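*Asks:* Here it is, the structure, as structure tokens.
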Amino acid sequence: MNITSAIISGSKILRNKFIPSHQLDSEILMAKTIKKDRNYILLNSESVLNKNDLNYFFRLIEQRSLGSPVAYLTNKKFFWNSEFFVTNDTLIPRPDTELIIENVLNSTKQKNKINILDIGIGSGCILLSILKERKNFYGTGIDISKKCINISKINAVKLKVSSRLKLYKSDVDKFNLGKYDLVVSNPPYIKTFDLKYLERDVAEFEPRLALNGGLDGLSEIRKVIKKTSELIKKNGKFILEIGFDQKNRVIELLNRKGFYINSTQKDFANNDRCIISTKI
Ligand code: GLN
């Protein structure tokens, strides 16, 4: 079987399982199988695959057909300007989260040597993207998951920012180190009850720890705001990702902890997704 016919039959299997991006996913999984990029596939569509590659490819297609996200099957996800190593221990970086990076870059144009804290660093996508853009910024990342800390470490080496990064495995409540000019966070903010209504690829495959915001969806956000108010410098900026229906309640929580709201921003689906505030 050649590359094209394998991709077509992989795509059909996925289409029959109602995977909307069946063609693209089949191509990406082929690229993973033969360790080449998608351009190579298009240019070498007639090349005949060996038996091992074919078996491996259809095993990937089967896992995808059962819902496993492409990013976990390839261990890769592109975010902002870089490719991140991801496993099923980390949340898959989302395009909506790039809003945080845009805001950080906009609000730190004149800044030099500032210290940034990322609460719940996960794969490292937020903090490491910022450090890669701004060569004289320093970062600290914390996460309750040791595996996420290790994955962030791997990504920091990939992006060549490790010399400006410190990582700690810690519960948000227990972390008390340093003072920061800027704090960023994309905390778990889905209500426990709603987790089962997320898309299957998310609900069954992404880490609950990265999604579950407790009964009202705000339990981790409350902790993150409290901790930020303790560790942020006066006039420091706090850039926080939130759930689509949490804007007003989060603004109230921020105000109560002494933050002034600079702006809120919408994501690609026009949902409120990001709050920019300043500690006063
Ligand atoms: N900071 C990481 C991200 O934005 C992880 C966030 C999380 O696991 N809730 O992808």
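All residue names refer to the structure tokens as shown: chains lettered A, B, ... in order, residues numbered from 1 in each chain, ligands numbered from 1 in order.
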Identify, on the basis of only C-alpha atoms, every residue whose closest approach to range 274-276 of chain A does not exceed 9 Å; exclude the query and any residue fewer than 6 positions from it along the same chain; express the result as a list of chain:residue names.

*Replies:* A:Thr97, A:Leu99, A:Ile100, A:Asn103, A:Lys237, A:Phe238, A:Ile239, A:Leu240, A:Glu241, A:Ile242, A:Gly243, A:Lys247, A:Val250, A:Ile251, A:Tyr260, A:Ile261, A:Asn262, A:Ser263, A:Thr264, A:Gln265, A:Lys266, A:Asp267

*Asks:* Could you name the residues that touch range 225-228 of chain A at 10 Å or less, counting only C-alpha atoms, but leaving out those on the same chain fewer than 2 positions away, as a PyMOL selection string?

*Replies:* chain A and resi 117-119+172-176+179-180+182-185+220-223+230-233+236-238+240+250+253-254+256-257+259+279

*Asks:* Store the residues of this selection in a file with N, CA, C and O atoms, as a short mmCIF file (atom, residue, chain, number, x, y, z; two decimals), in the first residue's frame.

*Replies:*
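Output (part27.cif):
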data_model
loop_
_atom_site.label_atom_id
_atom_site.label_comp_id
_atom_site.auth_asym_id
_atom_site.auth_seq_id
_atom_site.Cartn_x
_atom_site.Cartn_y
_atom_site.Cartn_z
N LEU A 117 5.73 34.89 37.30
CA LEU A 117 5.30 33.62 37.93
C LEU A 117 4.16 33.03 37.11
O LEU A 117 3.20 33.73 36.78
N ASP A 118 4.27 31.74 36.77
CA ASP A 118 3.17 31.02 36.10
C ASP A 118 2.63 29.98 37.08
O ASP A 118 3.34 29.05 37.47
N ILE A 119 1.36 30.15 37.47
CA ILE A 119 0.76 29.23 38.44
C ILE A 119 0.02 28.13 37.67
O ILE A 119 -0.98 28.40 37.01
N VAL A 172 -0.51 25.35 44.97
CA VAL A 172 -0.56 26.82 44.93
C VAL A 172 -0.59 27.43 46.34
O VAL A 172 0.10 28.40 46.63
N ASP A 173 -1.35 26.81 47.25
CA ASP A 173 -1.47 27.33 48.63
C ASP A 173 -0.15 27.36 49.36
O ASP A 173 0.06 28.20 50.23
N LYS A 174 0.71 26.40 49.03
CA LYS A 174 1.92 26.24 49.85
C LYS A 174 3.12 26.99 49.30
O LYS A 174 4.18 27.01 49.92
N PHE A 175 2.98 27.60 48.14
CA PHE A 175 4.13 28.25 47.52
C PHE A 175 4.29 29.67 48.06
O PHE A 175 3.35 30.46 48.01
N ASN A 176 5.48 29.99 48.56
CA ASN A 176 5.66 31.31 49.17
C ASN A 176 6.97 31.98 48.82
O ASN A 176 7.50 32.77 49.59
N LYS A 179 8.94 37.50 44.91
CA LYS A 179 7.97 38.57 44.59
C LYS A 179 8.04 38.78 43.09
O LYS A 179 9.12 38.73 42.50
N TYR A 180 6.89 39.00 42.48
CA TYR A 180 6.84 38.97 41.02
C TYR A 180 6.25 40.26 40.43
O TYR A 180 5.33 40.85 40.99
N LEU A 182 4.98 40.17 37.40
CA LEU A 182 3.90 39.74 36.53
C LEU A 182 3.52 38.32 36.90
O LEU A 182 4.40 37.49 37.13
N VAL A 183 2.20 38.06 36.98
CA VAL A 183 1.75 36.69 37.24
C VAL A 183 0.80 36.28 36.12
O VAL A 183 -0.04 37.07 35.68
N VAL A 184 0.98 35.07 35.63
CA VAL A 184 0.08 34.53 34.61
C VAL A 184 -0.47 33.19 35.11
O VAL A 184 0.21 32.48 35.85
N SER A 185 -1.69 32.87 34.70
CA SER A 185 -2.22 31.56 35.06
C SER A 185 -3.40 31.18 34.18
O SER A 185 -4.23 32.02 33.82
N GLU A 220 -10.18 26.71 42.17
CA GLU A 220 -8.75 26.94 41.92
C GLU A 220 -8.48 28.41 41.63
O GLU A 220 -7.47 28.97 42.06
N ILE A 221 -9.40 29.05 40.89
CA ILE A 221 -9.24 30.48 40.59
C ILE A 221 -9.13 31.29 41.90
O ILE A 221 -8.28 32.18 42.02
N ARG A 222 -9.96 30.94 42.89
CA ARG A 222 -9.89 31.65 44.19
C ARG A 222 -8.51 31.53 44.81
O ARG A 222 -7.92 32.50 45.28
N LYS A 223 -7.97 30.28 44.77
CA LYS A 223 -6.63 30.07 45.36
C LYS A 223 -5.56 30.83 44.59
O LYS A 223 -4.65 31.39 45.18
N GLU A 230 -0.66 37.82 47.27
CA GLU A 230 0.43 37.78 48.26
C GLU A 230 1.81 37.94 47.63
O GLU A 230 2.72 38.49 48.21
N LEU A 231 1.96 37.38 46.40
CA LEU A 231 3.32 37.31 45.81
C LEU A 231 3.60 38.37 44.75
O LEU A 231 4.72 38.50 44.29
N ILE A 232 2.57 39.11 44.35
CA ILE A 232 2.79 40.09 43.27
C ILE A 232 3.27 41.42 43.87
O ILE A 232 2.87 41.79 44.99
N LYS A 233 4.15 42.11 43.14
CA LYS A 233 4.60 43.42 43.60
C LYS A 233 3.49 44.45 43.39
O LYS A 233 2.63 44.26 42.52
N GLY A 236 2.09 45.43 39.98
CA GLY A 236 2.35 44.28 39.10
C GLY A 236 1.10 43.89 38.33
O GLY A 236 -0.02 44.11 38.79
N LYS A 237 1.31 43.30 37.16
CA LYS A 237 0.17 42.89 36.32
C LYS A 237 -0.14 41.40 36.53
O LYS A 237 0.77 40.58 36.71
N PHE A 238 -1.43 41.10 36.46
CA PHE A 238 -1.90 39.71 36.63
C PHE A 238 -2.77 39.38 35.42
O PHE A 238 -3.77 40.06 35.16
N LEU A 240 -4.97 36.48 33.65
CA LEU A 240 -5.63 35.23 34.07
C LEU A 240 -6.62 34.75 33.01
O LEU A 240 -7.43 35.53 32.52
N VAL A 250 -15.31 36.60 38.72
CA VAL A 250 -13.85 36.70 38.90
C VAL A 250 -13.44 38.16 39.12
O VAL A 250 -12.58 38.45 39.95
N LEU A 253 -13.97 38.84 42.70
CA LEU A 253 -12.91 38.23 43.53
C LEU A 253 -11.62 39.05 43.45
O LEU A 253 -10.95 39.29 44.46
N LEU A 254 -11.30 39.51 42.24
CA LEU A 254 -10.08 40.30 42.05
C LEU A 254 -10.18 41.63 42.80
O LEU A 254 -9.24 42.04 43.50
N ARG A 256 -11.91 42.34 45.38
CA ARG A 256 -11.83 42.11 46.82
C ARG A 256 -10.40 41.92 47.31
O ARG A 256 -10.08 42.19 48.45
N LYS A 257 -9.54 41.42 46.42
CA LYS A 257 -8.13 41.19 46.81
C LYS A 257 -7.23 42.36 46.37
O LYS A 257 -6.01 42.22 46.31
N PHE A 259 -7.18 44.18 43.34
CA PHE A 259 -6.75 44.32 41.95
C PHE A 259 -7.66 45.29 41.20
O PHE A 259 -8.89 45.26 41.38
N LYS A 279 -2.26 45.03 40.48
CA LYS A 279 -2.34 45.06 41.95
C LYS A 279 -2.12 46.50 42.41
O LYS A 279 -1.14 47.14 42.02
#

*Asks:* Near Ser9 in chain A, within 10 Å and counting only C-alpha atoms, which residues show up once chain neighbours fewer than 4 positions away are dropped, as a list in words?

*Replies:*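 Once the nearby chain positions are removed, what remains is Thr4, Ser5, Ile13, Leu14, Arg15, Gln23, Ser26, Phe58 and Ile61 of chain A.
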
*Asks:* Could you report the residues within 8 Å of ligand 1, using only C-alpha atoms and all ligand atoms, as a list of chain:residue names?

*Replies:*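 Counting only what the definition allows, namely only C-alpha atoms and all ligand atoms, the set is A:Thr90, A:Leu91, A:Ile92, A:Pro93, A:Arg94, A:Thr97, A:Asp118, A:Ile119, A:Gly120, A:Ile121, A:Gly122, A:Ser123, A:Gly124, A:Cys125, A:Ile126, A:Leu127, A:Ser185, A:Asn186, A:Pro187, A:Pro188, A:Tyr189, A:Pro207, A:Leu209, A:Ala210, A:Leu211.
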
*Asks:* Check the DSSP output for the backbone and give back, as a ChimeraX atom specification, the residues of range 21-261 of chain A in strand (DSSP E).

*Replies:* /A:76-79,82-85,115-119,138-143,165-169,180-185,232-241,259-261

*Asks:* For each of A:Asn155, A:Ser229, A:Thr192, A:Asn270, take the minimum atom-to-atom distance to Glu83 in chain A, counting only C-alpha atoms, then give the residue where this is smallest.

*Replies:*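 Once distances to Glu83 in chain A are computed over only C-alpha atoms, the minimum belongs to A:Asn155.
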
*Asks:* Give the helix (DSSP H, G or I) residues of range 20-158 of chain A, as assigned by DSSP on the backbone, as a PyMOL selection string.

*Replies:* chain A and resi 22-34+38-43+51-65+70-74+95-107+125-133+146-158

*Asks:* Residues within 10 Å of Lys109 in chain A, please, as a list of chain:residue names. Count only C-alpha atoms; anything in the same chain fewer than 4 positions from it doesn't count.

*Replies:*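 Contacts, with the query itself left out: A:Val104, A:Leu105, A:Arg134.
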